[in-house]
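Next comes entry.tsv, a file with TSV, C-alpha atoms.
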chain	number	residue	atom	x	y	z
F	1	MET	CA	-22.16	33.65	55.43
F	2	ALA	CA	-23.06	32.51	51.95
F	3	GLY	CA	-22.76	34.17	48.61
F	4	GLY	CA	-21.94	33.69	44.94
F	5	ALA	CA	-19.19	34.89	42.68
F	6	SER	CA	-19.85	37.66	40.21
F	7	GLY	CA	-20.92	36.93	36.65
F	8	ALA	CA	-18.57	36.85	33.71
F	9	GLU	CA	-19.61	40.23	32.32
F	10	ASN	CA	-17.07	43.03	32.48
F	11	ARG	CA	-14.48	40.83	34.18
F	12	PRO	CA	-11.03	42.48	34.29
F	13	ALA	CA	-8.19	40.76	32.45
F	14	TRP	CA	-6.57	39.68	35.73
F	15	ALA	CA	-9.67	37.92	37.06
F	16	PRO	CA	-9.23	34.14	37.57
F	17	PRO	CA	-10.73	32.06	34.75
F	18	ILE	CA	-13.95	30.08	35.23
F	19	LEU	CA	-12.81	26.74	36.68
F	20	ARG	CA	-15.90	24.57	36.84
F	21	GLY	CA	-18.27	22.58	34.68
F	22	ASP	CA	-17.66	22.37	30.95
F	23	ARG	CA	-15.29	25.36	31.20
F	24	LEU	CA	-12.82	23.59	33.49
F	25	GLU	CA	-10.35	22.37	30.88
F	26	ALA	CA	-10.28	25.69	29.01
F	27	GLY	CA	-9.96	27.51	32.32
F	28	LEU	CA	-6.98	25.39	33.39
F	29	ARG	CA	-5.22	26.09	30.06
F	30	THR	CA	-5.89	29.82	30.42
F	31	LEU	CA	-4.61	29.73	34.00
F	32	GLU	CA	-1.36	28.05	32.93
F	33	LEU	CA	-0.78	30.66	30.22
F	34	ASP	CA	-1.50	33.52	32.62
F	35	VAL	CA	0.87	32.15	35.24
F	36	ARG	CA	3.69	31.53	32.79
F	37	ARG	CA	3.29	34.88	31.05
F	38	ARG	CA	3.24	37.01	34.20
F	39	LEU	CA	5.23	35.01	36.76
F	40	ASP	CA	7.77	33.02	34.76
F	41	GLY	CA	11.33	34.20	35.35
F	42	LEU	CA	10.91	35.01	39.03
F	43	LEU	CA	12.27	31.61	39.98
F	44	GLN	CA	14.79	31.09	37.22
F	45	GLY	CA	17.98	29.65	38.70
F	46	ASN	CA	16.64	29.60	42.26
F	47	HIS	CA	14.13	27.06	43.47
F	48	LEU	CA	13.44	29.07	46.61
F	49	GLY	CA	12.66	32.25	44.72
F	50	LEU	CA	9.01	31.92	45.71
F	51	VAL	CA	10.03	31.58	49.35
F	52	PRO	CA	13.62	32.86	49.35
F	53	GLY	CA	16.19	31.18	51.54
F	54	PRO	CA	19.95	30.77	51.57
F	55	GLY	CA	20.09	27.13	50.53
F	56	SER	CA	22.89	24.83	51.58
F	57	GLU	CA	25.27	24.56	48.64
F	58	PRO	CA	28.17	27.06	48.46
F	59	GLY	CA	28.12	29.39	45.49
F	60	GLU	CA	30.35	32.21	44.30
F	61	ALA	CA	31.98	34.84	46.48
F	62	ARG	CA	31.22	38.52	45.95
F	63	PRO	CA	32.23	41.77	47.67
F	64	TYR	CA	30.39	42.54	50.90
F	65	GLN	CA	27.65	45.17	50.67
F	66	PRO	CA	26.01	47.02	53.58
F	67	GLY	CA	23.08	44.96	54.82
F	68	ASP	CA	24.57	41.56	53.90
F	69	ASP	CA	24.44	38.83	56.52
F	70	VAL	CA	27.89	38.83	58.16
F	71	ARG	CA	27.46	35.14	58.97
F	72	ARG	CA	28.07	34.47	55.28
F	73	MET	CA	31.43	36.23	55.32
F	74	ASP	CA	34.10	34.31	53.36
F	75	TRP	CA	37.19	34.93	55.48
F	76	ALA	CA	39.56	33.07	53.16
F	77	VAL	CA	38.72	35.27	50.17
F	78	THR	CA	38.65	38.36	52.40
F	79	ALA	CA	42.17	37.63	53.65
F	80	ARG	CA	43.47	36.91	50.17
F	81	THR	CA	42.01	40.04	48.56
F	82	THR	CA	42.01	42.34	51.64
F	83	VAL	CA	38.44	43.27	50.58
F	84	PRO	CA	35.47	41.90	52.59
F	85	HIS	CA	33.67	39.16	50.65
F	86	ILE	CA	30.64	37.01	51.39
F	87	ARG	CA	29.93	33.56	50.03
F	88	GLU	CA	26.65	33.20	48.14
F	89	THR	CA	24.70	29.98	48.56
F	90	VAL	CA	22.41	28.29	46.07
F	91	ALA	CA	19.24	26.36	46.73
F	92	ASP	CA	19.31	22.59	46.88
F	93	ARG	CA	18.39	20.80	43.68
F	94	GLU	CA	15.37	18.58	43.18
F	95	LEU	CA	13.05	20.50	45.41
F	96	GLU	CA	10.09	18.54	46.77
F	97	THR	CA	7.03	20.70	47.38
F	98	TRP	CA	3.92	19.60	49.26
F	99	VAL	CA	0.66	21.54	49.24
F	100	ALA	CA	-1.82	21.25	52.09
F	101	ALA	CA	-5.09	22.61	50.71
F	102	ASP	CA	-8.04	23.32	52.99
F	103	LEU	CA	-11.15	23.07	50.79
F	104	SER	CA	-13.72	23.22	53.58
F	105	ALA	CA	-17.15	24.75	52.98
F	106	SER	CA	-16.04	28.26	53.94
F	107	LEU	CA	-14.02	28.42	50.70
F	108	ASP	CA	-17.11	27.77	48.58
F	109	PHE	CA	-17.94	31.44	48.88
F	110	GLY	CA	-17.17	34.62	47.00
F	111	THR	CA	-18.81	38.00	46.48
F	112	ALA	CA	-16.26	39.56	44.12
F	113	LEU	CA	-14.77	38.08	40.94
F	114	CYS	CA	-14.53	34.46	42.03
F	115	GLU	CA	-14.99	32.10	44.93
F	116	LYS	CA	-12.19	31.65	47.45
F	117	ARG	CA	-11.93	28.06	46.23
F	118	ASP	CA	-11.05	29.33	42.72
F	119	LEU	CA	-8.43	31.65	44.16
F	120	ALA	CA	-6.90	28.79	46.15
F	121	LEU	CA	-6.60	26.79	42.92
F	122	CYS	CA	-4.89	29.76	41.24
F	123	ALA	CA	-2.35	29.91	44.09
F	124	VAL	CA	-1.59	26.19	43.74
F	125	ALA	CA	-1.23	26.63	39.97
F	126	ALA	CA	1.40	29.33	40.47
F	127	ILE	CA	3.31	27.11	42.89
F	128	ALA	CA	3.00	24.08	40.61
F	129	TYR	CA	4.20	25.75	37.43
F	130	LEU	CA	6.93	27.84	39.02
F	131	THR	CA	8.55	25.07	41.06
F	132	GLY	CA	8.39	22.57	38.20
F	133	GLY	CA	11.31	21.30	36.13
F	134	GLY	CA	14.82	20.28	37.06
F	135	GLY	CA	13.76	17.05	38.75
F	136	ASN	CA	11.48	18.88	41.19
F	137	ARG	CA	8.46	17.05	42.57
F	138	LEU	CA	5.05	18.27	43.68
F	139	GLY	CA	2.53	16.51	45.90
F	140	ALA	CA	-0.61	17.54	47.71
F	141	VAL	CA	-3.03	16.70	50.47
F	142	LEU	CA	-6.51	18.00	49.61
F	143	SER	CA	-9.36	17.92	52.10
F	144	ASN	CA	-12.92	19.25	52.15
F	145	GLY	CA	-13.55	18.09	55.70
F	146	ALA	CA	-15.44	14.97	54.64
F	147	GLU	CA	-12.92	13.52	52.21
F	148	THR	CA	-9.13	13.67	51.99
F	149	VAL	CA	-7.20	13.04	48.77
F	150	ARG	CA	-3.45	12.49	48.70
F	151	VAL	CA	-1.62	13.14	45.44
F	152	PRO	CA	1.88	11.56	45.50
F	153	ALA	CA	4.84	13.84	44.82
F	154	ARG	CA	5.99	13.50	41.23
F	155	GLY	CA	7.60	15.69	38.62
F	156	GLY	CA	6.58	16.82	35.18
F	157	ARG	CA	4.07	19.19	33.66
F	158	ALA	CA	1.52	16.43	33.04
F	159	HIS	CA	1.55	15.55	36.74
F	160	ALA	CA	1.08	19.22	37.72
F	161	ARG	CA	-1.90	19.49	35.38
F	162	GLY	CA	-3.38	16.32	36.81
F	163	LEU	CA	-2.96	17.62	40.36
F	164	LEU	CA	-4.75	20.86	39.49
F	165	ARG	CA	-7.55	18.89	37.86
F	166	ARG	CA	-7.95	16.77	41.02
F	167	PHE	CA	-8.11	20.00	43.02
F	168	ALA	CA	-10.74	21.53	40.74
F	169	GLU	CA	-12.85	18.35	40.76
F	170	MET	CA	-12.72	17.89	44.53
F	171	PRO	CA	-16.37	17.56	45.65
F	172	ARG	CA	-17.84	20.34	47.74
F	173	ALA	CA	-18.56	19.27	51.28
F	174	GLU	CA	-22.16	19.16	52.38
F	175	GLU	CA	-23.38	22.02	54.56
F	176	GLY	CA	-22.53	21.36	58.18
F	177	THR	CA	-19.22	19.60	57.42
F	178	ARG	CA	-16.38	21.09	59.42
F	179	GLY	CA	-12.91	21.44	57.98
F	180	ASP	CA	-9.87	20.37	59.98
F	181	LEU	CA	-6.70	22.19	58.94
F	182	ALA	CA	-4.74	20.70	61.85
F	183	ALA	CA	-5.51	17.18	60.59
F	184	ILE	CA	-4.40	18.13	57.06
F	185	LEU	CA	-1.07	19.40	58.40
F	186	GLU	CA	-0.60	16.21	60.42
F	187	GLN	CA	-0.94	14.29	57.16
F	188	LEU	CA	2.15	16.13	55.93
F	189	ARG	CA	4.11	15.59	59.12
F	190	ARG	CA	3.66	11.82	59.28
F	191	PRO	CA	5.44	10.02	57.88
F	192	PRO	CA	8.39	12.44	57.81
F	193	ARG	CA	9.30	13.55	54.30
F	194	ARG	CA	12.52	14.77	52.79
F	195	ARG	CA	13.26	18.43	53.43
F	196	GLY	CA	11.53	20.76	51.04
F	197	LEU	CA	8.81	23.37	50.75
F	198	ALA	CA	5.43	22.98	52.50
F	199	VAL	CA	2.66	25.30	51.29
F	200	VAL	CA	-0.56	25.71	53.28
F	201	VAL	CA	-3.55	27.13	51.42
F	202	SER	CA	-6.60	28.14	53.48
F	203	ASP	CA	-8.79	31.04	54.54
F	204	PHE	CA	-7.70	30.33	58.15
F	205	LEU	CA	-11.16	31.08	59.49
F	206	GLY	CA	-12.10	29.48	62.80
F	207	GLY	CA	-9.83	28.35	65.61
F	208	LEU	CA	-6.04	28.32	65.66
F	209	ASP	CA	-5.57	24.67	66.65
F	210	TRP	CA	-3.35	24.24	63.57
F	211	GLN	CA	-0.46	26.13	65.17
F	212	ARG	CA	1.23	23.11	66.76
F	213	PRO	CA	1.37	20.90	63.63
F	214	LEU	CA	2.47	23.91	61.60
F	215	ARG	CA	5.40	24.52	63.97
F	216	GLY	CA	6.20	20.82	63.66
F	217	LEU	CA	6.42	21.19	59.89
F	218	SER	CA	8.69	24.22	60.22
F	219	ALA	CA	11.32	22.12	61.98
F	220	ARG	CA	11.93	20.25	58.74
F	221	HIS	CA	10.56	22.32	55.86
F	222	GLU	CA	10.52	25.81	54.44
F	223	LEU	CA	6.99	27.08	55.06
F	224	MET	CA	4.65	29.23	53.02
F	225	ALA	CA	1.06	30.11	53.91
F	226	VAL	CA	-1.43	31.41	51.35
F	227	GLU	CA	-4.41	33.09	52.99
F	228	VAL	CA	-7.40	33.54	50.66
F	229	ILE	CA	-10.06	36.01	51.72
F	230	ASP	CA	-13.19	37.67	50.38
F	231	PRO	CA	-14.24	41.25	51.17
F	232	ARG	CA	-17.24	39.94	53.13
F	233	ASP	CA	-14.87	38.00	55.39
F	234	VAL	CA	-13.59	41.28	56.79
F	235	ASP	CA	-16.49	43.75	56.52
F	236	LEU	CA	-20.25	43.78	56.17
F	237	PRO	CA	-22.03	45.72	53.44
F	238	GLU	CA	-24.41	48.53	54.27
F	239	VAL	CA	-27.54	46.73	53.10
F	240	GLY	CA	-29.88	46.78	56.06
F	241	THR	CA	-31.14	43.38	57.22
F	242	ILE	CA	-29.06	40.40	56.07
F	243	VAL	CA	-28.86	36.69	56.84
F	244	LEU	CA	-25.46	35.43	57.97
F	245	ALA	CA	-24.78	31.71	57.55
F	246	ASP	CA	-21.92	29.52	58.73
F	247	PRO	CA	-21.40	26.94	55.93
F	248	GLU	CA	-19.48	24.60	58.23
F	249	THR	CA	-22.25	24.35	60.84
F	250	GLY	CA	-25.33	25.31	58.87
F	251	ARG	CA	-26.35	27.87	61.50
F	252	GLN	CA	-27.98	31.06	60.29
F	253	ARG	CA	-28.76	34.37	61.91
F	254	GLU	CA	-30.69	37.37	60.65
F	255	VAL	CA	-29.14	40.69	61.67
F	256	HIS	CA	-29.48	44.36	60.88
F	257	ALA	CA	-26.21	45.66	59.46
F	258	SER	CA	-26.13	48.85	61.49
F	259	ALA	CA	-23.07	51.09	61.54
F	260	LEU	CA	-22.19	49.81	65.01
F	261	LEU	CA	-22.46	46.15	63.98
F	262	ARG	CA	-20.35	46.76	60.88
F	263	ARG	CA	-17.65	48.43	62.98
F	264	GLU	CA	-17.66	45.60	65.52
F	265	PHE	CA	-17.60	42.96	62.77
F	266	ALA	CA	-14.66	44.66	61.02
F	267	ALA	CA	-12.75	44.98	64.30
F	268	ALA	CA	-13.31	41.32	65.20
F	269	ALA	CA	-12.32	40.19	61.69
F	270	GLN	CA	-9.14	42.28	61.79
F	271	ALA	CA	-8.27	40.95	65.24
F	272	HIS	CA	-8.62	37.39	63.97
F	273	ARG	CA	-6.47	38.10	60.93
F	274	ASP	CA	-3.83	39.66	63.18
F	275	GLU	CA	-3.84	36.49	65.30
F	276	VAL	CA	-3.44	34.34	62.18
F	277	ALA	CA	-0.57	36.50	60.91
F	278	ARG	CA	1.14	36.33	64.29
F	279	ALA	CA	0.78	32.54	64.47
F	280	LEU	CA	2.19	32.13	60.95
F	281	ARG	CA	5.07	34.45	61.74
F	282	GLN	CA	5.91	32.54	64.91
F	283	ALA	CA	5.99	29.32	62.89
F	284	GLY	CA	8.42	30.92	60.44
F	285	ALA	CA	6.00	30.81	57.50
F	286	ALA	CA	6.11	33.29	54.64
F	287	HIS	CA	2.62	34.80	54.44
F	288	LEU	CA	0.91	35.63	51.15
F	289	VAL	CA	-2.59	37.15	51.24
F	290	LEU	CA	-4.79	36.87	48.14
F	291	ARG	CA	-8.22	38.50	47.81
F	292	THR	CA	-11.09	37.68	45.47
F	293	ASP	CA	-11.35	41.39	44.58
F	294	SER	CA	-7.66	41.94	43.81
F	295	ASP	CA	-5.19	41.05	41.06
F	296	TRP	CA	-3.84	37.82	42.55
F	297	ILE	CA	-0.89	37.55	40.16
F	298	ALA	CA	0.24	41.12	40.88
F	299	ASP	CA	-0.07	40.42	44.61
F	300	THR	CA	2.05	37.28	44.16
F	301	VAL	CA	4.69	39.22	42.23
F	302	ARG	CA	4.91	41.84	44.98
F	303	PHE	CA	5.24	39.07	47.57
F	304	VAL	CA	8.08	37.36	45.70
F	305	VAL	CA	9.95	40.61	45.04
F	306	ALA	CA	9.66	41.69	48.69
F	307	ARG	CA	10.90	38.29	49.87
F	308	LYS	CA	13.88	38.38	47.54
F	309	ARG	CA	14.73	41.92	48.60
F	310	ARG	CA	14.67	41.01	52.29
F	311	TRP	CA	16.70	37.87	51.65
F	312	SER	CA	19.38	39.83	49.77
F	313	GLY	CA	19.66	42.32	52.62
F	314	GLY	CA	17.87	45.26	50.97
F	315	ALA	CA	14.99	47.26	52.33
F	316	ALA	CA	11.57	45.63	52.08

Using structure tokens, write down the structure from this file.
Amino acid sequence: MAGGASGAENRPAWAPPILRGDRLEAGLRTLELDVRRRLDGLLQGNHLGLVPGPGSEPGEARPYQPGDDVRRMDWAVTARTTVPHIRETVADRELETWVAADLSASLDFGTALCEKRDLALCAVAAIAYLTGGGGNRLGAVLSNGAETVRVPARGGRAHARGLLRRFAEMPRAEEGTRGDLAAILEQLRRPPRRRGLAVVVSDFLGGLDWQRPLRGLSARHELMAVEVIDPRDVDLPEVGTIVLADPETGRQREVHASALLRREFAAAAQAHRDEVARALRQAGAAHLVLRTDSDWIADTVRFVVARKRRWSGGAA
């Protein structure tokens, strides 16, 4: 399919900024301010707040509460106080985060407030700004199917801004160029890197041949997957005859969007998304879904809060 993002008129406050052409630099500054204003604080004091985990360094002991992981029971303190205690753990310092960004032609599409490509950049911006500081490093492997760019892992706000600029300026692949998410993930696996956080950003359309390299990454890294989708990825509009185009093969097909076809399309799209979610879950990846017609920062906040709640033993 092919389409264009909506115009700038009547854009809601939460819509991603325009991130192309002569508005790129202003858009990146606006994006940084939006991220810091609405997301800052979620990760304070805990590098793995975005993707919660127990860490490896022992922290303070506290009284046991129903729902706590009994494997973290501190028996020495429990025996001394006669009250059950668990030992908190803190995340390792100097977190190294690597982003694997799939910028294949299917992301150059959007029928709501932005293209999926813009939304992918917003997701990377949130990760970049909220895992920065404290000696943390951020690197990336960016690929549009025809060209792959590797950005070495470094720290600092200037480096994060430069990485986002490289992302935004990544050329769009020519029509007919296929993306290869499995190859992007292999770039992260070899050579082996220090343990850290690996973030995969893609629309996950197409085959699931990326499952094996993703499971390979999970053996060494905390995993997070950001799935970016557009409404037309999951349902067809009731507009009569339309032309569907596959940007990665160039093939087109004219169809009549009947009620039956729309139902079958929606069912097939949902089945594929269920398969993707199952594959990510089996690999141990935290799964964040962002839509071009939804408040992406609010969705990210809900994701982080739910992850923290589950990690702490509360109800999701």

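Near Glu238 in chain F, within 8 Å and counting all atoms listed in the file, sit F:Ala257, F:Ser258, F:Ala259, F:Arg262, not including residues fewer than 5 positions from it in the same chain.
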
At a cut-off of 12 Å, can you tabulate as CSV every residue of range 88-174 of chain F near range 213-235 of chain F together with its closest atom pair and the distance in Å to one decimal, using only C-alpha atoms and ordering rows by chain then number?
residue,atom,partner,partner_atom,distance
F:Ala91,CA,F:Glu222,CA,11.7
F:Leu95,CA,F:Glu222,CA,10.8
F:Glu96,CA,F:His221,CA,9.9
F:Thr97,CA,F:His221,CA,9.3
F:Trp98,CA,F:His221,CA,9.7
F:Val99,CA,F:Met224,CA,9.5
F:Ala100,CA,F:Ala225,CA,9.5
F:Ala101,CA,F:Val226,CA,9.6
F:Asp102,CA,F:Glu227,CA,10.4
F:Leu103,CA,F:Val228,CA,11.1
F:Ser106,CA,F:Asp233,CA,9.9
F:Leu107,CA,F:Val228,CA,8.4
F:Asp108,CA,F:Asp230,CA,10.8
F:Phe109,CA,F:Asp230,CA,8.0
F:Gly110,CA,F:Asp230,CA,6.0
F:Thr111,CA,F:Asp230,CA,6.8
F:Ala112,CA,F:Asp230,CA,7.2
F:Leu113,CA,F:Asp230,CA,9.6
F:Cys114,CA,F:Asp230,CA,9.0
F:Glu115,CA,F:Asp230,CA,8.0
F:Lys116,CA,F:Val228,CA,6.1
F:Arg117,CA,F:Val228,CA,8.4
F:Asp118,CA,F:Val228,CA,9.7
F:Leu119,CA,F:Val228,CA,6.8
F:Ala120,CA,F:Val228,CA,6.6
F:Leu121,CA,F:Val228,CA,10.3
F:Cys122,CA,F:Val228,CA,10.5
F:Ala123,CA,F:Val226,CA,7.5
F:Val124,CA,F:Val226,CA,9.2
F:Ala126,CA,F:Val226,CA,11.4
F:Ile127,CA,F:Met224,CA,10.4

Fill in: Selection: 10 Å around Glu275 in chain F, only C-alpha atoms, excl. self and same-chain fewer than 6 positions, as a list in words
Leu208, Ala269 and Arg281 of chain F

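Straight-line separation from CA of Arg38 in chain F to CA of Asn136 in chain F: 21.1 Å.
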
Worksheet entry | Residues near Ile86 in chain F, cut-off 9 Å, only C-alpha atoms, skip fewer than 3 positions along chain, as a PyMOL selection string | chain F and resi 60-65+68-75+77-78

Any chance you could export the current selection's C-alpha atoms as a PDB file, keeping the file's coordinate frame?
ATOM      1  CA  GLU F  60      30.350  32.210  44.300  1.00  0.00           C
ATOM      2  CA  ALA F  61      31.980  34.840  46.480  1.00  0.00           C
ATOM      3  CA  ARG F  62      31.220  38.520  45.950  1.00  0.00           C
ATOM      4  CA  PRO F  63      32.230  41.770  47.670  1.00  0.00           C
ATOM      5  CA  TYR F  64      30.390  42.540  50.900  1.00  0.00           C
ATOM      6  CA  GLN F  65      27.650  45.170  50.670  1.00  0.00           C
ATOM      7  CA  ASP F  68      24.570  41.560  53.900  1.00  0.00           C
ATOM      8  CA  ASP F  69      24.440  38.830  56.520  1.00  0.00           C
ATOM      9  CA  VAL F  70      27.890  38.830  58.160  1.00  0.00           C
ATOM     10  CA  ARG F  71      27.460  35.140  58.970  1.00  0.00           C
ATOM     11  CA  ARG F  72      28.070  34.470  55.280  1.00  0.00           C
ATOM     12  CA  MET F  73      31.430  36.230  55.320  1.00  0.00           C
ATOM     13  CA  ASP F  74      34.100  34.310  53.360  1.00  0.00           C
ATOM     14  CA  TRP F  75      37.190  34.930  55.480  1.00  0.00           C
ATOM     15  CA  VAL F  77      38.720  35.270  50.170  1.00  0.00           C
ATOM     16  CA  THR F  78      38.650  38.360  52.400  1.00  0.00           C
TER      17      THR F  78
END

Item to complete: Show me as an MDAnalysis selection string the residues that reach within 12 Å of (11.3, 12.9, 31.0), counting all atoms listed in the file and using the file's own coordinates.
Response: chainID F and resid 133:136 154:159

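Closest to Leu288 in chain F among F:Val201, F:Val239, F:Leu163, F:Ala266 is F:Val201, based on all atoms listed in the file.
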
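For the pair CA of Gly179 in chain F and CA of Leu28 in chain F, the separation is 25.6 Å.
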
Practice prompt. Measuring atom to atom with all atoms listed in the file, identify which of F:Pro17, F:Trp210, F:Ala140, F:Arg309 is nearest to Trp296 in chain F.
Written response: F:Pro17

Response to the item:
Judged by all atoms listed in the file, the minimum distance to Arg36 in chain F among F:Asp203, F:Ala283, F:Ile297, F:Arg87 is found for F:Ile297

Item to complete: Name all residues at most 10 Å from Ser143 in chain F (count all atoms listed in the file; drop same-chain ones fewer than 3 positions away) and give them as a ChimeraX atom specification.
Response: /F:100-104,140,146-150,167,170-173,179-181,183-184

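Checking F:Leu236, F:Val301, F:Leu205, F:Val141 one by one against Asp274 in chain F, counting all atoms listed in the file, you find the shortest gap at F:Leu205.
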
Worksheet entry | Atom pair CA of Val200 in chain F / CA of Val289 in chain F: separation (Å) | 11.8 Å

Can you report as lines of an AutoDock Vina configuration file the centre and edge lengths in Å, to one decimal, of an axis-aligned box around the listed atoms of range 159-177 of chain F padded with 8 Å on each side?
center_x = -10.9
center_y = 18.8
center_z = 46.8
size_x = 40.9
size_y = 22.5
size_z = 38.8

Discussion item. Need to verify the contact set: range 253-256 of chain F, 7 Å, all atoms listed in the file, exclusion of same-chain residues closer than 5 positions in sequence. Can you return it as a ChimeraX atom specification?
Written reply: /F:240-245
